[in-house]
Structure formats: C-alpha cells, structure tokens
$ cat target-v8.txt   # compact mmCIF, C-alpha atoms
# COMPACT_ATOMS: atom_id res chain seq x y z
CA MET J 1 -153.49 -110.47 -120.81
CA ALA J 2 -155.16 -113.71 -119.73
CA HIS J 3 -153.33 -117.03 -119.79
CA GLY J 4 -153.74 -118.87 -123.05
CA SER J 5 -155.38 -115.97 -124.86
CA PRO J 6 -153.75 -114.67 -128.07
CA ALA J 7 -151.48 -111.64 -127.65
CA THR J 8 -153.07 -108.33 -128.36
CA ARG J 9 -151.17 -106.38 -130.96
CA LEU J 10 -151.43 -102.68 -131.65
CA PRO J 11 -152.21 -101.73 -135.21
CA ARG J 12 -149.18 -100.72 -137.19
CA MET J 13 -149.12 -97.06 -138.08
CA ASP J 14 -148.39 -96.13 -141.62
CA PRO J 15 -146.01 -93.11 -141.64
CA ASN J 16 -147.52 -91.94 -144.88
CA SER J 17 -151.04 -91.95 -143.40
CA SER J 18 -150.16 -90.00 -140.24
CA PRO J 19 -151.06 -86.31 -140.26
CA ARG J 20 -148.18 -84.06 -141.12
CA VAL J 21 -147.60 -80.76 -139.39
CA ARG J 22 -145.54 -78.30 -141.31
CA ALA J 23 -143.12 -76.36 -139.13
CA GLY J 24 -143.42 -72.62 -139.29
CA PRO J 25 -140.60 -70.22 -140.19
CA GLN J 26 -139.75 -69.62 -136.54
CA ALA J 27 -139.34 -73.31 -135.81
CA GLN J 28 -137.29 -73.77 -138.97
CA SER J 29 -134.76 -71.23 -137.73
CA SER J 30 -134.31 -72.72 -134.25
CA ALA J 31 -133.90 -76.50 -134.72
CA PRO J 32 -130.42 -78.04 -135.09
CA ASN J 33 -129.14 -79.20 -138.46
CA PHE J 34 -128.30 -82.70 -137.26
CA LEU J 35 -132.03 -83.56 -137.13
CA ARG J 36 -131.93 -83.79 -140.93
CA PHE J 37 -129.28 -86.49 -140.98
CA GLY J 38 -130.62 -89.87 -142.08
CA VAL J 39 -134.01 -88.46 -143.12
CA PRO J 40 -135.21 -89.35 -146.59
CA PRO J 41 -134.93 -86.48 -149.06
CA ALA J 42 -138.67 -86.53 -149.67
CA ARG J 43 -139.35 -85.70 -146.01
CA ARG J 44 -136.47 -83.29 -145.27
CA GLU J 45 -138.66 -80.34 -146.08
CA TRP J 46 -140.61 -81.08 -142.90
CA ILE J 47 -137.51 -80.83 -140.68
CA PRO J 48 -136.85 -77.34 -139.28
CA LYS J 49 -133.56 -75.71 -140.25
CA VAL J 50 -131.20 -73.86 -137.92
CA ASP J 51 -129.80 -70.39 -138.47
CA PRO J 52 -126.20 -70.29 -137.12
CA SER J 53 -126.34 -66.51 -136.77
CA TRP J 54 -128.09 -66.86 -133.40
CA LEU J 55 -124.74 -67.97 -131.96
CA ARG J 56 -122.98 -64.72 -132.90
CA PRO J 57 -124.42 -62.50 -130.14
CA SER J 58 -123.14 -64.86 -127.46
CA VAL J 59 -119.66 -64.73 -128.99
CA ARG J 60 -119.76 -60.93 -129.02
CA TYR J 61 -120.91 -60.85 -125.41
CA ALA J 62 -118.00 -63.09 -124.43
CA GLU J 63 -115.53 -60.81 -126.20
CA MET J 64 -117.00 -57.73 -124.52
CA ALA J 65 -116.82 -59.44 -121.13
CA GLU J 66 -113.17 -60.30 -121.73
CA LEU J 67 -112.40 -56.70 -122.72
CA ALA J 68 -114.20 -55.38 -119.63
CA GLN J 69 -112.12 -57.74 -117.49
CA LEU J 70 -108.91 -56.40 -119.04
CA ILE J 71 -109.98 -52.79 -118.43
CA ASP J 72 -110.79 -53.56 -114.79
CA SER J 73 -107.43 -55.28 -114.29
CA GLU J 74 -104.67 -53.89 -112.10
CA VAL J 75 -102.39 -53.54 -115.12
CA PHE J 76 -104.80 -51.19 -116.86
CA LEU J 77 -105.28 -49.17 -113.67
CA ALA J 78 -101.50 -48.85 -113.36
CA TYR J 79 -101.32 -47.71 -116.99
CA ALA J 80 -104.02 -45.10 -116.37
CA THR J 81 -102.20 -43.84 -113.25
CA TYR J 82 -98.76 -43.40 -114.81
CA THR J 83 -100.19 -42.04 -118.05
CA THR J 84 -102.01 -39.35 -116.08
CA ILE J 85 -98.80 -38.46 -114.26
CA VAL J 86 -96.76 -38.13 -117.43
CA LEU J 87 -99.50 -36.13 -119.18
CA LEU J 88 -99.70 -33.68 -116.27
CA LYS J 89 -95.94 -33.35 -116.45
CA MET J 90 -96.16 -32.55 -120.17
CA MET J 91 -98.93 -30.00 -119.53
CA LEU J 92 -96.69 -28.36 -116.94
CA MET J 93 -94.20 -27.63 -119.71
CA SER J 94 -96.71 -25.24 -121.31
CA VAL J 95 -97.00 -23.32 -118.05
CA THR J 96 -93.19 -23.27 -117.73
CA THR J 97 -92.88 -21.88 -121.25
CA ALA J 98 -95.33 -19.07 -120.44
CA PHE J 99 -93.45 -18.32 -117.20
CA PHE J 100 -90.12 -17.95 -118.99
CA ARG J 101 -91.64 -15.81 -121.72
CA ILE J 102 -93.07 -13.38 -119.19
CA THR J 103 -90.00 -13.23 -116.94
CA ARG J 104 -87.59 -12.95 -119.88
CA LYS J 105 -89.91 -10.66 -121.86
CA ALA J 106 -89.45 -12.66 -125.03
CA PHE J 107 -92.55 -13.13 -127.17
CA SER J 108 -93.41 -14.44 -130.61
CA ASN J 109 -96.65 -12.49 -131.26
CA PRO J 110 -96.99 -8.67 -131.34
CA GLU J 111 -100.22 -8.70 -129.32
CA ASP J 112 -98.39 -10.33 -126.43
CA THR J 113 -96.16 -7.27 -126.00
CA VAL J 114 -98.98 -4.75 -125.35
CA THR J 115 -98.46 -4.94 -121.58
CA PHE J 116 -94.79 -3.93 -121.89
CA GLY J 117 -94.98 -1.21 -124.51
CA LYS J 118 -96.52 0.12 -127.70
CA GLY J 119 -95.32 0.91 -131.17
CA GLU J 120 -91.60 0.77 -131.74
CA ASN J 121 -90.98 0.25 -128.06
CA ALA J 122 -92.86 -3.08 -128.15
CA LYS J 123 -90.86 -4.48 -131.04
CA LYS J 124 -87.82 -5.12 -128.86
CA TYR J 125 -89.82 -7.78 -127.02
CA LEU J 126 -90.39 -9.73 -130.23
CA ARG J 127 -87.31 -11.83 -129.86
CA THR J 128 -86.06 -15.28 -128.97
CA ASP J 129 -84.56 -16.13 -125.63
CA PRO J 130 -82.23 -19.08 -124.92
CA ASP J 131 -84.14 -20.12 -121.79
CA VAL J 132 -87.51 -19.97 -123.53
CA GLU J 133 -86.21 -21.98 -126.45
CA ARG J 134 -84.75 -24.56 -124.09
CA VAL J 135 -88.14 -25.08 -122.44
CA ARG J 136 -89.82 -25.30 -125.84
CA ARG J 137 -87.36 -27.95 -127.00
CA GLY J 138 -88.02 -29.93 -123.82
CA HIS J 139 -91.76 -29.68 -124.45
CA LEU J 140 -91.30 -30.86 -128.03
CA ASN J 141 -89.24 -33.81 -126.83
CA ASP J 142 -92.08 -34.74 -124.48
CA LEU J 143 -94.52 -34.76 -127.38
CA GLU J 144 -92.23 -36.97 -129.45
CA ASN J 145 -91.91 -39.58 -126.68
CA ILE J 146 -95.05 -39.43 -124.53
CA VAL J 147 -97.56 -39.69 -127.37
CA PRO J 148 -96.11 -43.02 -128.62
CA PHE J 149 -96.02 -44.25 -125.02
CA ILE J 150 -99.74 -43.55 -124.59
CA GLY J 151 -100.74 -45.49 -127.71
CA ILE J 152 -98.35 -48.41 -127.39
CA GLY J 153 -98.81 -48.52 -123.62
CA LEU J 154 -102.56 -48.93 -124.03
CA LEU J 155 -102.12 -51.88 -126.37
CA TYR J 156 -99.50 -53.29 -124.01
CA ALA J 157 -101.85 -53.05 -121.02
CA LEU J 158 -104.58 -54.85 -122.98
CA SER J 159 -102.21 -57.64 -124.02
CA GLY J 160 -102.30 -59.10 -120.50
CA PRO J 161 -98.75 -58.67 -119.15
CA ALA J 162 -97.76 -59.51 -115.59
CA LEU J 163 -98.45 -56.70 -113.13
CA SER J 164 -94.87 -56.54 -111.86
CA THR J 165 -93.49 -56.32 -115.42
CA ALA J 166 -96.00 -53.65 -116.41
CA LEU J 167 -95.23 -51.56 -113.32
CA LEU J 168 -91.52 -51.79 -114.09
CA HIS J 169 -92.11 -50.46 -117.62
CA PHE J 170 -94.40 -47.64 -116.51
CA ARG J 171 -92.21 -46.49 -113.63
CA ILE J 172 -89.03 -46.46 -115.65
CA PHE J 173 -90.66 -44.43 -118.42
CA VAL J 174 -92.22 -41.84 -116.10
CA GLY J 175 -89.04 -41.51 -114.04
CA ALA J 176 -86.94 -41.17 -117.20
CA ARG J 177 -89.17 -38.42 -118.59
CA ILE J 178 -89.15 -36.44 -115.34
CA PHE J 179 -85.38 -36.70 -115.07
CA HIS J 180 -85.03 -35.76 -118.74
CA THR J 181 -86.91 -32.51 -118.11
CA ILE J 182 -84.82 -31.70 -115.06
CA ALA J 183 -81.62 -32.39 -117.00
CA TYR J 184 -82.85 -30.22 -119.90
CA LEU J 185 -83.92 -27.18 -117.87
CA THR J 186 -81.15 -27.09 -115.26
CA PRO J 187 -79.13 -28.00 -117.45
CA LEU J 188 -77.20 -31.04 -116.30
CA PRO J 189 -74.07 -32.15 -118.16
CA GLN J 190 -74.34 -34.85 -120.76
CA PRO J 191 -74.84 -37.78 -121.01
CA SER J 192 -77.45 -37.42 -118.25
CA ARG J 193 -80.13 -36.12 -120.60
CA GLY J 194 -79.24 -38.58 -123.35
CA LEU J 195 -79.37 -41.57 -121.01
CA SER J 196 -82.76 -40.57 -119.62
CA TRP J 197 -84.12 -40.23 -123.14
CA ALA J 198 -82.72 -43.63 -124.11
CA ALA J 199 -84.27 -45.29 -121.03
CA GLY J 200 -87.75 -44.00 -121.85
CA TYR J 201 -87.39 -44.87 -125.51
CA ALA J 202 -86.27 -48.41 -124.67
CA VAL J 203 -89.38 -48.89 -122.52
CA THR J 204 -91.65 -47.97 -125.43
CA ILE J 205 -89.78 -50.34 -127.76
CA SER J 206 -90.03 -53.13 -125.17
CA MET J 207 -93.81 -52.69 -124.88
CA ALA J 208 -94.17 -52.63 -128.66
CA TYR J 209 -92.21 -55.89 -128.89
CA ARG J 210 -94.54 -57.50 -126.34
CA VAL J 211 -97.62 -56.41 -128.31
CA LEU J 212 -96.24 -57.71 -131.60
CA THR J 213 -95.17 -61.07 -130.19
CA THR J 214 -98.42 -61.59 -128.28
CA GLY J 215 -100.87 -60.99 -131.12
CA LEU J 216 -99.23 -60.60 -134.52
CA TYR J 217 -101.75 -60.56 -137.39
CA LEU J 218 -99.97 -59.86 -140.67

$ encode --input "target-v8.txt" --output "structure tokens"
Amino acid sequence: MAHGSPATRLPRMDPNSSPRVRAGPQAQSSAPNFLRFGVPPARREWIPKVDPSWLRPSVRYAEMAELAQLIDSEVFLAYATYTTIVLLKMMLMSVTTAFFRITRKAFSNPEDTVTFGKGENAKKYLRTDPDVERVRRGHLNDLENIVPFIGIGLLYALSGPALSTALLHFRIFVGARIFHTIAYLTPLPQPSRGLSWAAGYAVTISMAYRVLTTGLYL
C-alpha cells in the first residue's frame, strides 16, 4: 500500500450468500457434537453429528487386552499348574478304585464278573468290599472339594492377587488334598484326615472372600 493512498478493504462476505455444502451421512456420523454449540438453530442442520457408538470397539479391545494380560500373568500360570496336579490326583482315584475292585474281586455289575466265573458262581463277586468303598469315599470327597476349588480358584486368579499369596493358597490346597487321600487310604488315625480336609476347605473359602471383596456387584 502506497503512502497517502486510501486503505484497500476486502469486500465483506455475506454468510447467507456463500454457497452451502451439505454434509453427507458419513460426515454427519464422524464429527464431534461440540461443533454444534453456539450455532444458530437455523444452521445446525448443516453441522455433522457424531455417533458415540464408534467409541465402543476401542473399549472392548481394552477389556480384551486386560483379560489377556491376566491370563498371561504368573498367577494364572500357577493356578493352571496346581489345578492340573490336583486333577491328575483325582483321576488317579479312579484307577485306584479299579485296582481294588480287581484285587478284592468285588464288583457292582454282573458283566464285570465274567472273567472270574459264570452263572451262580459269578454272583459271589457281586458284593461290597471295605477297601473298595474306602477308595470310593475318598474319590467322592475329592469331587466335593476339588470342583469348587477349580471354579473359585479361576476367579481368584483373575482378580489380580499377589503371586506369593496365590502360591500359598494353591500349595496349601494341593498338599492338603494329597495328604487327605493318604490319610484316607492308609488309614491314618484322626484327626489327621479331618485337619487336612479343613485346611483345603479354608483355602477355598479364603479365595472366595478375596473374589467377593475385590469385585462385589450385588
């Protein structure tokens, strides 16, 4: 601008005379809502609208990543290890029951006695035996205690406990169940079997308490 010459001014644009471009459906679903604040109602129809549902996948991905991190944790690996041990121990009880049935020749089903005799001679093997029944009771006690441990222990492992505390729970339970079986089959005098049962049961209750106090939704 030359000295002394009048200032050059740009022509003032009339908002109503400017060309309007209507946003398409895709743009309307991706723009934030705050763009509409302070805009006259007559012109709000030209502002794209946001769909908050596009945020939900990212939230789900975050939750899945957190769950994957819990599964890969040392606590979950410890749970998987000791659960496998106690399940194998419970499966061994089925083999022990079969062993005692064969050695004691005490069966529950007629077809199982074919190897030892036929007809009236086979009926004497359809009987109960104290040793077989003792093993069966030990197996039943395993089912009553190990199954709750598996379910509650899984929730406990996913609740994020300290590794040392989790290992203490798992080791006490597995040791108590193994000793309970030894005390049942030997048999050892009471209260050895009762104390081992109580120790394992207390571990399950302790883990359930941790789960309830960590995330209680009632």

$ atom_distance --input "target-v8.txt" --atom1 "CA of Leu87 (chain J)" --atom2 "CA of Pro130 (chain J)"
24.9 Å

$ residues_near_point --input "target-v8.txt" --point "(-98.9, -50.5, -114.7)" --cutoff "7 Å" --atoms "only C-alpha atoms" --output "PDB file with C-alpha atoms, in the coordinates of the input"
ATOM      1  CA  VAL J  75    -102.390 -53.540-115.120  1.00  0.00           C
ATOM      2  CA  PHE J  76    -104.800 -51.190-116.860  1.00  0.00           C
ATOM      3  CA  LEU J  77    -105.280 -49.170-113.670  1.00  0.00           C
ATOM      4  CA  ALA J  78    -101.500 -48.850-113.360  1.00  0.00           C
ATOM      5  CA  TYR J  79    -101.320 -47.710-116.990  1.00  0.00           C
ATOM      6  CA  LEU J 163     -98.450 -56.700-113.130  1.00  0.00           C
ATOM      7  CA  ALA J 166     -96.000 -53.650-116.410  1.00  0.00           C
ATOM      8  CA  LEU J 167     -95.230 -51.560-113.320  1.00  0.00           C
ATOM      9  CA  PHE J 170     -94.400 -47.640-116.510  1.00  0.00           C
TER      10      PHE J 170
END

$ residues_around --input "target-v8.txt" --residues "Tyr184 (chain J)" --least-positions-apart "2" --cutoff "8 Å" --atoms "only C-alpha atoms" --output "PDB file with C-alpha atoms, in the frame of the given file"
ATOM      1  CA  ARG J 134     -84.750 -24.560-124.090  1.00  0.00           C
ATOM      2  CA  VAL J 135     -88.140 -25.080-122.440  1.00  0.00           C
ATOM      3  CA  GLY J 138     -88.020 -29.930-123.820  1.00  0.00           C
ATOM      4  CA  HIS J 180     -85.030 -35.760-118.740  1.00  0.00           C
ATOM      5  CA  THR J 181     -86.910 -32.510-118.110  1.00  0.00           C
ATOM      6  CA  ILE J 182     -84.820 -31.700-115.060  1.00  0.00           C
ATOM      7  CA  THR J 186     -81.150 -27.090-115.260  1.00  0.00           C
ATOM      8  CA  PRO J 187     -79.130 -28.000-117.450  1.00  0.00           C
ATOM      9  CA  LEU J 188     -77.200 -31.040-116.300  1.00  0.00           C
ATOM     10  CA  ARG J 193     -80.130 -36.120-120.600  1.00  0.00           C
TER      11      ARG J 193
END

$ residues_around --input "target-v8.txt" --residues "Thr97 (chain J)" --least-positions-apart "5" --cutoff "12 Å" --atoms "all atoms listed in the file" --output "list in words"
Met90, Met91, Leu92, Ile102, Thr103, Arg104, Lys105, Ala106, Phe107, Ser108, Asp129, Pro130, Asp131, Val132, Glu133, Arg134, Val135, Arg136, Arg137, Gly138, His139, Leu140 and Leu185 of chain J

$ residues_around --input "target-v8.txt" --residues "region 196-207 of chain J" --least-positions-apart "5" --cutoff "12 Å" --atoms "all atoms listed in the file" --output "PyMOL selection string"
chain J and resi 79+86+138+141-142+144-161+165-184+188+190-191+212-214

$ closest_residue --input "target-v8.txt" --among "J:Pro189, J:Phe99, J:Pro110, J:Lys89" --to "Lys124 (chain J)" --atoms "only C-alpha atoms"
J:Pro110
